[in-house]
$ cat final.cif   # mmCIF, C-alpha atoms, pLDDT in the B column; chains and numbers go by the auth columns
data_upload
#
loop_
_atom_site.group_PDB
_atom_site.id
_atom_site.type_symbol
_atom_site.label_atom_id
_atom_site.label_comp_id
_atom_site.label_asym_id
_atom_site.label_seq_id
_atom_site.Cartn_x
_atom_site.Cartn_y
_atom_site.Cartn_z
_atom_site.B_iso_or_equiv
_atom_site.auth_seq_id
_atom_site.auth_asym_id
ATOM 1 C CA MET A 1 -154.579 63.867 -21.160 90.00 1094 W
ATOM 2 C CA THR A 2 -152.174 64.882 -18.444 93.00 1095 W
ATOM 3 C CA ARG A 3 -149.656 63.194 -16.180 91.00 1096 W
ATOM 4 C CA VAL A 4 -150.802 61.944 -12.811 90.00 1097 W
ATOM 5 C CA PRO A 5 -148.635 63.260 -9.942 86.00 1098 W
ATOM 6 C CA GLU A 6 -146.801 60.469 -8.154 79.00 1099 W
ATOM 7 C CA ALA A 7 -148.124 61.688 -4.817 78.00 1100 W
ATOM 8 C CA SER A 8 -151.712 60.981 -5.903 76.00 1101 W
ATOM 9 C CA GLY A 9 -151.332 57.237 -5.356 74.00 1102 W
ATOM 10 C CA SER A 10 -153.128 56.419 -8.619 76.00 1103 W
ATOM 11 C CA LYS A 11 -152.195 53.222 -10.476 80.00 1104 W
ATOM 12 C CA SER A 12 -152.457 55.051 -13.799 85.00 1105 W
ATOM 13 C CA ARG A 13 -149.614 57.224 -15.082 89.00 1106 W
ATOM 14 C CA TYR A 14 -152.038 59.439 -17.019 92.00 1107 W
ATOM 15 C CA HIS A 15 -155.516 60.830 -16.544 92.00 1108 W
ATOM 16 C CA GLY A 16 -157.906 62.056 -19.196 93.00 1109 W
ATOM 17 C CA THR A 17 -161.346 63.526 -19.638 94.00 1110 W
ATOM 18 C CA THR A 18 -163.697 64.249 -22.523 94.00 1111 W
ATOM 19 C CA LEU A 19 -164.314 67.946 -23.092 92.00 1112 W
ATOM 20 C CA SER A 20 -167.683 68.989 -24.481 86.00 1113 W
ATOM 21 C CA SER A 21 -166.442 72.547 -25.033 85.00 1114 W
ATOM 22 C CA PHE A 22 -163.022 73.749 -26.153 91.00 1115 W
ATOM 23 C CA THR A 23 -162.269 77.165 -27.615 93.00 1116 W
ATOM 24 C CA SER A 24 -159.485 79.337 -29.002 94.00 1117 W
ATOM 25 C CA LEU A 25 -158.898 82.607 -27.149 94.00 1118 W
ATOM 26 C CA THR A 26 -156.144 84.403 -29.048 92.00 1119 W
ATOM 27 C CA LEU A 27 -153.094 83.931 -31.255 92.00 1120 W
ATOM 28 C CA HIS A 28 -151.063 86.955 -30.132 89.00 1121 W
ATOM 29 C CA PRO A 29 -148.892 87.521 -28.229 90.00 1122 W
ATOM 30 C CA HIS A 30 -149.259 83.849 -27.260 91.00 1123 W
ATOM 31 C CA PRO A 31 -151.665 81.239 -28.656 94.00 1124 W
ATOM 32 C CA LEU A 32 -154.171 80.504 -25.895 95.00 1125 W
ATOM 33 C CA VAL A 33 -157.050 78.042 -25.635 96.00 1126 W
ATOM 34 C CA ALA A 34 -159.596 77.470 -22.880 95.00 1127 W
ATOM 35 C CA PHE A 35 -161.955 74.842 -21.528 95.00 1128 W
ATOM 36 C CA SER A 36 -163.863 74.226 -18.324 94.00 1129 W
ATOM 37 C CA VAL A 37 -164.079 71.159 -16.100 93.00 1130 W
ATOM 38 C CA ARG A 38 -167.003 70.476 -13.807 91.00 1131 W
ATOM 39 C CA LEU A 39 -166.066 70.149 -10.127 91.00 1132 W
ATOM 40 C CA PRO A 40 -165.228 68.121 -8.154 89.00 1133 W
ATOM 41 C CA SER A 41 -162.812 66.571 -10.628 90.00 1134 W
ATOM 42 C CA ARG A 42 -159.545 64.653 -10.449 91.00 1135 W
ATOM 43 C CA MET A 43 -158.641 66.144 -13.815 93.00 1136 W
ATOM 44 C CA ALA A 44 -159.002 69.647 -12.382 93.00 1137 W
ATOM 45 C CA ASP A 45 -156.860 68.650 -9.391 92.00 1138 W
ATOM 46 C CA TYR A 46 -154.111 67.351 -11.691 92.00 1139 W
ATOM 47 C CA LEU A 47 -154.236 70.363 -14.043 94.00 1140 W
ATOM 48 C CA ARG A 48 -154.398 73.139 -11.454 91.00 1141 W
ATOM 49 C CA PRO A 49 -151.196 75.219 -11.772 83.00 1142 W
ATOM 50 C CA PRO A 50 -148.899 75.728 -8.761 75.00 1143 W
ATOM 51 C CA PRO A 51 -149.606 78.823 -6.657 71.00 1144 W
ATOM 52 C CA LYS A 52 -147.823 81.962 -7.728 64.00 1145 W
ATOM 53 C CA PRO A 53 -145.264 83.597 -5.400 59.00 1146 W
ATOM 54 C CA ALA A 54 -146.833 85.949 -2.892 57.00 1147 W
ATOM 55 C CA GLN A 55 -146.995 89.562 -3.980 56.00 1148 W
ATOM 56 C CA ILE A 56 -144.766 91.837 -1.901 54.00 1149 W
ATOM 57 C CA PRO A 57 -146.448 95.083 -0.776 58.00 1150 W
ATOM 58 C CA ALA A 58 -145.162 98.167 -2.571 62.00 1151 W
ATOM 59 C CA ALA A 59 -144.178 99.790 0.741 59.00 1152 W
ATOM 60 C CA LEU A 60 -141.907 96.852 1.597 54.00 1153 W
ATOM 61 C CA GLN A 61 -140.378 96.898 -1.879 57.00 1154 W
ATOM 62 C CA GLN A 62 -139.634 100.613 -1.511 62.00 1155 W
ATOM 63 C CA LEU A 63 -138.096 100.050 1.917 58.00 1156 W
ATOM 64 C CA ALA A 64 -135.909 97.228 0.616 55.00 1157 W
ATOM 65 C CA SER A 65 -134.643 99.378 -2.238 61.00 1158 W
ATOM 66 C CA THR A 66 -133.250 101.876 0.268 61.00 1159 W
ATOM 67 C CA LEU A 67 -131.358 99.269 2.275 57.00 1160 W
ATOM 68 C CA PRO A 68 -127.664 98.771 1.529 56.00 1161 W
ATOM 69 C CA ASN A 69 -126.178 95.545 0.290 58.00 1162 W
ATOM 70 C CA PRO A 70 -124.900 93.743 3.414 51.00 1163 W
ATOM 71 C CA SER A 71 -121.636 92.852 1.672 54.00 1164 W
ATOM 72 C CA LYS A 72 -120.932 96.489 0.801 57.00 1165 W
ATOM 73 C CA LEU A 73 -121.720 98.252 4.044 52.00 1166 W
ATOM 74 C CA PRO A 74 -119.185 101.075 4.644 57.00 1167 W
ATOM 75 C CA ILE A 75 -118.659 100.318 8.299 53.00 1168 W
ATOM 76 C CA PRO A 76 -115.491 99.143 10.024 49.00 1169 W
ATOM 77 C CA ILE A 77 -117.147 96.360 11.975 56.00 1170 W
ATOM 78 C CA PRO A 78 -119.432 93.602 10.663 62.00 1171 W
ATOM 79 C CA LEU A 79 -123.131 93.696 11.417 62.00 1172 W
ATOM 80 C CA PRO A 80 -124.502 91.124 13.854 68.00 1173 W
ATOM 81 C CA GLN A 81 -125.584 87.925 12.136 68.00 1174 W
ATOM 82 C CA PRO A 82 -129.320 88.470 12.910 67.00 1175 W
ATOM 83 C CA ALA A 83 -129.163 91.807 11.085 64.00 1176 W
ATOM 84 C CA LEU A 84 -127.433 90.225 8.086 64.00 1177 W
ATOM 85 C CA ASP A 85 -130.034 87.453 8.006 65.00 1178 W
ATOM 86 C CA LEU A 86 -132.848 90.019 8.074 61.00 1179 W
ATOM 87 C CA LEU A 87 -131.373 92.020 5.194 59.00 1180 W
ATOM 88 C CA ALA A 88 -130.823 88.860 3.163 65.00 1181 W
ATOM 89 C CA SER A 89 -134.420 87.723 3.752 60.00 1182 W
ATOM 90 C CA ILE A 90 -135.831 91.056 2.579 55.00 1183 W
ATOM 91 C CA SER A 91 -133.615 90.927 -0.496 59.00 1184 W
ATOM 92 C CA ARG A 92 -134.899 87.444 -1.398 59.00 1185 W
ATOM 93 C CA LEU A 93 -138.519 88.452 -0.893 51.00 1186 W
ATOM 94 C CA THR A 94 -138.293 91.534 -3.080 52.00 1187 W
ATOM 95 C CA SER A 95 -136.298 89.923 -5.908 57.00 1188 W
ATOM 96 C CA PRO A 96 -138.310 88.806 -8.963 55.00 1189 W
ATOM 97 C CA GLN A 97 -139.383 85.201 -8.536 55.00 1190 W
ATOM 98 C CA PRO A 98 -139.451 82.936 -11.605 57.00 1191 W
ATOM 99 C CA SER A 99 -142.888 81.434 -12.128 61.00 1192 W
ATOM 100 C CA SER A 100 -143.119 77.656 -12.198 69.00 1193 W
ATOM 101 C CA PRO A 101 -144.401 76.169 -15.455 77.00 1194 W
ATOM 102 C CA GLY A 102 -147.898 74.788 -15.269 87.00 1195 W
ATOM 103 C CA PRO A 103 -148.834 71.155 -15.921 92.00 1196 W
ATOM 104 C CA GLU A 104 -148.623 69.986 -19.528 95.00 1197 W
ATOM 105 C CA LEU A 105 -151.479 68.278 -21.316 96.00 1198 W
ATOM 106 C CA THR A 106 -152.258 66.839 -24.722 96.00 1199 W
ATOM 107 C CA VAL A 107 -155.589 67.608 -26.369 96.00 1200 W
ATOM 108 C CA SER A 108 -156.749 65.139 -29.034 95.00 1201 W
ATOM 109 C CA LEU A 109 -159.347 66.406 -31.524 94.00 1202 W
ATOM 110 C CA LEU A 110 -161.745 63.502 -31.866 92.00 1203 W
ATOM 111 C CA ALA A 111 -163.219 61.859 -34.935 91.00 1204 W
ATOM 112 C CA LYS A 112 -166.543 59.996 -34.832 90.00 1205 W
ATOM 113 C CA SER A 113 -164.595 56.724 -34.777 90.00 1206 W
ATOM 114 C CA ASN A 114 -163.111 57.786 -31.412 91.00 1207 W
ATOM 115 C CA GLU A 115 -166.492 57.644 -29.661 92.00 1208 W
ATOM 116 C CA PRO A 116 -165.639 54.596 -27.451 91.00 1209 W
ATOM 117 C CA ILE A 117 -162.674 56.441 -25.935 92.00 1210 W
ATOM 118 C CA ALA A 118 -164.751 59.593 -25.521 92.00 1211 W
ATOM 119 C CA ARG A 119 -167.340 57.622 -23.565 92.00 1212 W
ATOM 120 C CA ALA A 120 -164.720 55.859 -21.454 90.00 1213 W
ATOM 121 C CA LEU A 121 -163.076 59.119 -20.411 92.00 1214 W
ATOM 122 C CA SER A 122 -166.361 60.938 -19.793 89.00 1215 W
ATOM 123 C CA THR A 123 -167.179 58.788 -16.752 85.00 1216 W
ATOM 124 C CA ALA A 124 -165.653 59.410 -13.340 81.00 1217 W
ATOM 125 C CA GLN A 125 -162.899 56.875 -12.662 78.00 1218 W
ATOM 126 C CA ALA A 126 -160.252 57.011 -9.967 74.00 1219 W
ATOM 127 C CA ASP A 127 -158.082 54.568 -11.906 81.00 1220 W
ATOM 128 C CA GLN A 128 -157.875 54.867 -15.698 87.00 1221 W
ATOM 129 C CA SER A 129 -155.002 52.408 -16.121 85.00 1222 W
ATOM 130 C CA SER A 130 -157.202 50.008 -18.127 87.00 1223 W
ATOM 131 C CA THR A 131 -157.982 52.787 -20.623 87.00 1224 W
ATOM 132 C CA PHE A 132 -154.284 53.380 -21.221 87.00 1225 W
ATOM 133 C CA ALA A 133 -153.374 49.677 -21.205 86.00 1226 W
ATOM 134 C CA THR A 134 -153.607 49.317 -25.003 84.00 1227 W
ATOM 135 C CA PRO A 135 -150.426 50.845 -26.509 81.00 1228 W
ATOM 136 C CA GLU A 136 -151.836 50.774 -30.051 87.00 1229 W
ATOM 137 C CA THR A 137 -154.520 53.271 -28.969 90.00 1230 W
ATOM 138 C CA TRP A 138 -152.030 55.937 -27.907 93.00 1231 W
ATOM 139 C CA ASP A 139 -148.953 57.456 -29.505 91.00 1232 W
ATOM 140 C CA GLY A 140 -145.555 57.766 -27.840 86.00 1233 W
ATOM 141 C CA THR A 141 -145.815 61.381 -26.668 89.00 1234 W
ATOM 142 C CA ASP A 142 -145.889 62.325 -22.999 91.00 1235 W
ATOM 143 C CA PRO A 143 -148.736 62.848 -22.188 93.00 1236 W
ATOM 144 C CA PRO A 144 -150.023 60.673 -25.030 93.00 1237 W
ATOM 145 C CA ALA A 145 -152.388 61.597 -27.848 93.00 1238 W
ATOM 146 C CA LEU A 146 -155.077 59.346 -29.243 93.00 1239 W
ATOM 147 C CA VAL A 147 -154.115 57.415 -32.381 90.00 1240 W
ATOM 148 C CA GLY A 148 -156.666 57.984 -35.130 90.00 1241 W
ATOM 149 C CA SER A 149 -157.667 61.455 -33.959 92.00 1242 W
ATOM 150 C CA ILE A 150 -157.995 64.419 -36.319 92.00 1243 W
ATOM 151 C CA GLY A 151 -155.116 66.251 -34.660 93.00 1244 W
ATOM 152 C CA LYS A 152 -153.480 67.063 -31.368 95.00 1245 W
ATOM 153 C CA LEU A 153 -152.348 70.096 -29.385 96.00 1246 W
ATOM 154 C CA ARG A 154 -149.648 70.061 -26.744 96.00 1247 W
ATOM 155 C CA CYS A 155 -150.433 72.707 -24.139 96.00 1248 W
ATOM 156 C CA GLU A 156 -149.284 74.135 -20.830 96.00 1249 W
ATOM 157 C CA VAL A 157 -151.713 75.382 -18.198 95.00 1250 W
ATOM 158 C CA VAL A 158 -151.274 79.115 -17.602 93.00 1251 W
ATOM 159 C CA THR A 159 -153.976 79.736 -15.028 92.00 1252 W
ATOM 160 C CA SER A 160 -157.309 78.473 -13.771 91.00 1253 W
ATOM 161 C CA ILE A 161 -160.356 80.374 -12.545 90.00 1254 W
ATOM 162 C CA PRO A 162 -163.117 78.903 -10.356 89.00 1255 W
ATOM 163 C CA LEU A 163 -166.203 80.083 -12.246 86.00 1256 W
ATOM 164 C CA ARG A 164 -168.259 80.076 -9.080 82.00 1257 W
ATOM 165 C CA ASP A 165 -166.273 83.139 -7.958 73.00 1258 W
ATOM 166 C CA VAL A 166 -166.608 85.118 -11.199 73.00 1259 W
ATOM 167 C CA CYS A 167 -170.102 86.395 -10.480 67.00 1260 W
ATOM 168 C CA GLY A 168 -169.070 88.035 -7.202 61.00 1261 W
ATOM 169 C CA GLY A 169 -172.018 88.595 -4.921 58.00 1262 W
ATOM 170 C CA CYS A 170 -174.770 87.532 -7.331 63.00 1263 W
ATOM 171 C CA GLU A 171 -177.240 84.895 -6.171 63.00 1264 W
ATOM 172 C CA LEU A 172 -176.694 81.292 -7.247 58.00 1265 W
ATOM 173 C CA ASP A 173 -179.528 79.340 -8.838 59.00 1266 W
ATOM 174 C CA ASN A 174 -178.404 75.867 -7.754 55.00 1267 W
ATOM 175 C CA VAL A 175 -178.447 76.259 -3.983 51.00 1268 W
ATOM 176 C CA GLY A 176 -180.124 73.269 -2.384 47.00 1269 W
ATOM 177 C CA ALA A 177 -180.660 71.894 1.071 44.00 1270 W
ATOM 178 C CA GLU A 178 -177.076 70.653 1.237 52.00 1271 W
ATOM 179 C CA GLY A 179 -175.538 73.821 -0.163 54.00 1272 W
ATOM 180 C CA SER A 180 -174.596 74.880 -3.654 62.00 1273 W
ATOM 181 C CA HIS A 181 -172.611 72.883 -6.197 70.00 1274 W
ATOM 182 C CA PRO A 182 -168.943 73.918 -6.511 79.00 1275 W
ATOM 183 C CA GLY A 183 -169.569 74.651 -10.195 87.00 1276 W
ATOM 184 C CA SER A 184 -166.808 74.483 -12.819 92.00 1277 W
ATOM 185 C CA GLU A 185 -163.234 75.659 -13.194 92.00 1278 W
ATOM 186 C CA LEU A 186 -161.967 77.424 -16.307 93.00 1279 W
ATOM 187 C CA PHE A 187 -158.481 76.484 -17.515 94.00 1280 W
ATOM 188 C CA ILE A 188 -156.495 78.762 -19.821 94.00 1281 W
ATOM 189 C CA CYS A 189 -153.605 77.086 -21.614 95.00 1282 W
ATOM 190 C CA ARG A 190 -150.771 78.173 -23.884 95.00 1283 W
ATOM 191 C CA VAL A 191 -150.431 76.088 -27.034 96.00 1284 W
ATOM 192 C CA LEU A 192 -146.901 74.715 -27.403 96.00 1285 W
ATOM 193 C CA SER A 193 -147.355 72.744 -30.629 95.00 1286 W
ATOM 194 C CA VAL A 194 -150.022 71.567 -33.067 95.00 1287 W
ATOM 195 C CA GLU A 195 -149.949 68.446 -35.245 93.00 1288 W
ATOM 196 C CA ASP A 196 -152.361 67.105 -37.837 90.00 1289 W
ATOM 197 C CA GLY A 197 -153.691 63.613 -37.342 83.00 1290 W
ATOM 198 C CA GLN A 198 -153.756 60.691 -39.692 77.00 1291 W
ATOM 199 C CA GLN A 199 -155.322 61.008 -43.116 76.00 1292 W
ATOM 200 C CA GLY A 200 -158.713 59.426 -43.645 75.00 1293 W
ATOM 201 C CA VAL A 201 -159.779 59.178 -40.002 77.00 1294 W
ATOM 202 C CA GLY A 202 -163.224 60.511 -40.829 79.00 1295 W
ATOM 203 C CA LYS A 203 -165.333 63.482 -39.844 85.00 1296 W
ATOM 204 C CA PRO A 204 -164.957 65.405 -36.569 89.00 1297 W
ATOM 205 C CA MET A 205 -167.116 64.336 -33.654 90.00 1298 W
ATOM 206 C CA LEU A 206 -169.374 66.801 -31.831 89.00 1299 W
ATOM 207 C CA TYR A 207 -171.277 66.695 -28.552 88.00 1300 W
ATOM 208 C CA TRP A 208 -174.799 67.831 -29.393 87.00 1301 W
ATOM 209 C CA ARG A 209 -177.990 67.462 -27.369 87.00 1302 W
ATOM 210 C CA HIS A 210 -176.273 65.199 -24.845 86.00 1303 W
ATOM 211 C CA LYS A 211 -174.950 62.728 -27.412 89.00 1304 W
ATOM 212 C CA TYR A 212 -171.948 62.225 -29.656 89.00 1305 W
ATOM 213 C CA VAL A 213 -172.628 62.850 -33.345 90.00 1306 W
ATOM 214 C CA GLY A 214 -170.625 63.158 -36.514 85.00 1307 W
ATOM 215 C CA LEU A 215 -170.317 66.501 -38.253 74.00 1308 W
ATOM 216 C CA GLU A 216 -172.585 65.385 -41.107 72.00 1309 W
ATOM 217 C CA GLU A 217 -175.365 64.551 -38.629 64.00 1310 W
#
$ encode --input "final.cif" --output "structure tokens"
Amino acid sequence: MTRVPEASGSKSRYHGTTLSSFTSLTLHPHPLVAFSVRLPSRMADYLRPPPKPAQIPAALQQLASTLPNPSKLPIPIPLPQPALDLLASISRLTSPQPSSPGPELTVSLLAKSNEPIARALSTAQADQSSTFATPETWDGTDPPALVGSIGKLRCEVVTSIPLRDVCGGCELDNVGAEGSHPGSELFICRVLSVEDGQQGVGKPMLYWRHKYVGLEE
């Protein structure tokens, strides 16, 4: 589950999807998990992190390091304002830019009893407000976790990678008359917190051979 941006125009405050694959990447130096979302997808649009600041060429960085601070120029007369503006712009460009945090999401680990919600969120819906209209189904976190799940992870998106571009120049197998499918997008997320679910919710649910099954099956 993740928050829906206000600019999207959706009636629902949150948007969710059912993941058939979810994996742990590493614990150190930061706990990271990953999953992929098939495109096109509203979930992918909502989760995609903001673009990173443009990288400044090394030559420009070296040039900027040789320029004096405009406020400390050892000259008897002030520089013209256009020159001061230029120096200030270069200084801003070459200063380290703080990266914006990525979107937050909540991952609920599903039990077999959660199958109705899994099915509801696995279908493409522009408006999921009806799914989130039952408060007893969701807890009070933001974004919410599913009540009765085995556990939950609160995560922050670190980066995303369009998997169509990973193969470089290799030929695609799914090219048809109308062009190839956009494929999937891999999302890598940092785990912020982990919580166990309620006791006695049952066995974990798996997606196996295109159907939802319990672990004992």
$ axis_aligned_box --input "final.cif" --around "segment 1124-1137 of chain W" --padding-each-side "3 Å" --output "lines of an AutoDock Vina configuration file"
center_x = -159.3
center_y = 72.9
center_z = -18.4
size_x = 21.3
size_y = 22.6
size_z = 26.5
$ atom_distance --input "final.cif" --atom1 "atom CA of Leu1285 of chain W" --atom2 "atom CA of Val1251 of chain W"
11.6 Å
$ atom_distance --input "final.cif" --atom1 "atom CA of Glu1197 of chain W" --atom2 "atom CA of Arg1212 of chain W"
22.8 Å
$ atom_distance --input "final.cif" --atom1 "atom CA of Pro1228 of chain W" --atom2 "atom CA of Val1250 of chain W"
25.9 Å
$ resolve_selection --input "final.cif" --expression "the PyMOL selection byres ((chain W and resi 1094) around 12)" --output "PDB file with C-alpha atoms, keeping the file's coordinate frame"
ATOM      1  CA  THR W1095    -152.174  64.882 -18.444  1.00 93.00           C
ATOM      2  CA  ARG W1096    -149.656  63.194 -16.180  1.00 91.00           C
ATOM      3  CA  VAL W1097    -150.802  61.944 -12.811  1.00 90.00           C
ATOM      4  CA  SER W1105    -152.457  55.051 -13.799  1.00 85.00           C
ATOM      5  CA  ARG W1106    -149.614  57.224 -15.082  1.00 89.00           C
ATOM      6  CA  TYR W1107    -152.038  59.439 -17.019  1.00 92.00           C
ATOM      7  CA  HIS W1108    -155.516  60.830 -16.544  1.00 92.00           C
ATOM      8  CA  GLY W1109    -157.906  62.056 -19.196  1.00 93.00           C
ATOM      9  CA  THR W1110    -161.346  63.526 -19.638  1.00 94.00           C
ATOM     10  CA  THR W1111    -163.697  64.249 -22.523  1.00 94.00           C
ATOM     11  CA  LEU W1112    -164.314  67.946 -23.092  1.00 92.00           C
ATOM     12  CA  ARG W1135    -159.545  64.653 -10.449  1.00 91.00           C
ATOM     13  CA  MET W1136    -158.641  66.144 -13.815  1.00 93.00           C
ATOM     14  CA  ALA W1137    -159.002  69.647 -12.382  1.00 93.00           C
ATOM     15  CA  TYR W1139    -154.111  67.351 -11.691  1.00 92.00           C
ATOM     16  CA  LEU W1140    -154.236  70.363 -14.043  1.00 94.00           C
ATOM     17  CA  PRO W1196    -148.834  71.155 -15.921  1.00 92.00           C
ATOM     18  CA  GLU W1197    -148.623  69.986 -19.528  1.00 95.00           C
ATOM     19  CA  LEU W1198    -151.479  68.278 -21.316  1.00 96.00           C
ATOM     20  CA  THR W1199    -152.258  66.839 -24.722  1.00 96.00           C
ATOM     21  CA  VAL W1200    -155.589  67.608 -26.369  1.00 96.00           C
ATOM     22  CA  SER W1201    -156.749  65.139 -29.034  1.00 95.00           C
ATOM     23  CA  LEU W1202    -159.347  66.406 -31.524  1.00 94.00           C
ATOM     24  CA  ILE W1210    -162.674  56.441 -25.935  1.00 92.00           C
ATOM     25  CA  ALA W1211    -164.751  59.593 -25.521  1.00 92.00           C
ATOM     26  CA  LEU W1214    -163.076  59.119 -20.411  1.00 92.00           C
ATOM     27  CA  GLN W1221    -157.875  54.867 -15.698  1.00 87.00           C
ATOM     28  CA  THR W1224    -157.982  52.787 -20.623  1.00 87.00           C
ATOM     29  CA  PHE W1225    -154.284  53.380 -21.221  1.00 87.00           C
ATOM     30  CA  TRP W1231    -152.030  55.937 -27.907  1.00 93.00           C
ATOM     31  CA  ASP W1232    -148.953  57.456 -29.505  1.00 91.00           C
ATOM     32  CA  THR W1234    -145.815  61.381 -26.668  1.00 89.00           C
ATOM     33  CA  ASP W1235    -145.889  62.325 -22.999  1.00 91.00           C
ATOM     34  CA  PRO W1236    -148.736  62.848 -22.188  1.00 93.00           C
ATOM     35  CA  PRO W1237    -150.023  60.673 -25.030  1.00 93.00           C
ATOM     36  CA  ALA W1238    -152.388  61.597 -27.848  1.00 93.00           C
ATOM     37  CA  LEU W1239    -155.077  59.346 -29.243  1.00 93.00           C
ATOM     38  CA  LYS W1245    -153.480  67.063 -31.368  1.00 95.00           C
ATOM     39  CA  LEU W1246    -152.348  70.096 -29.385  1.00 96.00           C
ATOM     40  CA  ARG W1247    -149.648  70.061 -26.744  1.00 96.00           C
ATOM     41  CA  CYS W1248    -150.433  72.707 -24.139  1.00 96.00           C
ATOM     42  CA  GLU W1249    -149.284  74.135 -20.830  1.00 96.00           C
TER      43      GLU W1249
END
$ residues_near_point --input "final.cif" --point "(-158.4, 52.2, -11.0)" --cutoff "9 Å" --atoms "only C-alpha atoms" --output "VMD selection string"
chain W and resid 1103 to 1105 1218 to 1223
$ write_last_selection --input "final.cif" --atoms "C-alpha atoms" --output "PDB file, keeping the file's coordinate frame"
ATOM      1  CA  SER W1103    -153.128  56.419  -8.619  1.00 76.00           C
ATOM      2  CA  LYS W1104    -152.195  53.222 -10.476  1.00 80.00           C
ATOM      3  CA  SER W1105    -152.457  55.051 -13.799  1.00 85.00           C
ATOM      4  CA  GLN W1218    -162.899  56.875 -12.662  1.00 78.00           C
ATOM      5  CA  ALA W1219    -160.252  57.011  -9.967  1.00 74.00           C
ATOM      6  CA  ASP W1220    -158.082  54.568 -11.906  1.00 81.00           C
ATOM      7  CA  GLN W1221    -157.875  54.867 -15.698  1.00 87.00           C
ATOM      8  CA  SER W1222    -155.002  52.408 -16.121  1.00 85.00           C
ATOM      9  CA  SER W1223    -157.202  50.008 -18.127  1.00 87.00           C
TER      10      SER W1223
END
$ closest_atom_pairs --input "final.cif" --of "segment 1202-1293 of chain W" --to "segment 1123-1128 of chain W" --cutoff "9 Å" --atoms "all atoms listed in the file" --output "Markdown table"
| residue | atom | partner | partner_atom | distance |
| --- | --- | --- | --- | --- |
| W:Cys1248 | CA | W:Val1126 | CA | 8.6 |
| W:Val1251 | CA | W:Leu1125 | CA | 8.9 |
| W:Glu1278 | CA | W:Phe1128 | CA | 8.5 |
| W:Leu1279 | CA | W:Phe1128 | CA | 5.8 |
| W:Phe1280 | CA | W:Phe1128 | CA | 5.6 |
| W:Ile1281 | CA | W:Ala1127 | CA | 4.5 |
| W:Cys1282 | CA | W:Val1126 | CA | 5.4 |
| W:Arg1283 | CA | W:Leu1125 | CA | 4.6 |
| W:Val1284 | CA | W:Pro1124 | CA | 5.5 |
| W:Leu1285 | CA | W:Pro1124 | CA | 8.2 |
$ residues_around --input "final.cif" --residues "segment 1242-1244 of chain W" --least-positions-apart "4" --cutoff "9 Å" --atoms "only C-alpha atoms" --output "MDAnalysis selection string"
chainID W and resid 1200:1204 1206:1207 1238 1287:1297
$ closest_residue --input "final.cif" --among "W:Trp1301, W:Val1259, W:Gly1195, W:Thr1216" --to "Ser1134 of chain W" --atoms "all atoms listed in the file"
W:Thr1216
$ closest_residue --input "final.cif" --among "W:His1274, W:Lys1205, W:His1303, W:Arg1257" --to "Ser1129 of chain W" --atoms "all atoms listed in the file"
W:Arg1257
$ closest_residue --input "final.cif" --among "W:Gly1307, W:Pro1194, W:Gly1102, W:Gly1233" --to "Pro1142 of chain W" --atoms "only C-alpha atoms"
W:Pro1194
$ residues_near_point --input "final.cif" --point "(-169.4, 71.1, -11.2)" --cutoff "6 Å" --atoms "only C-alpha atoms" --output "VMD selection string"
chain W and resid 1131 to 1133 1275 to 1277
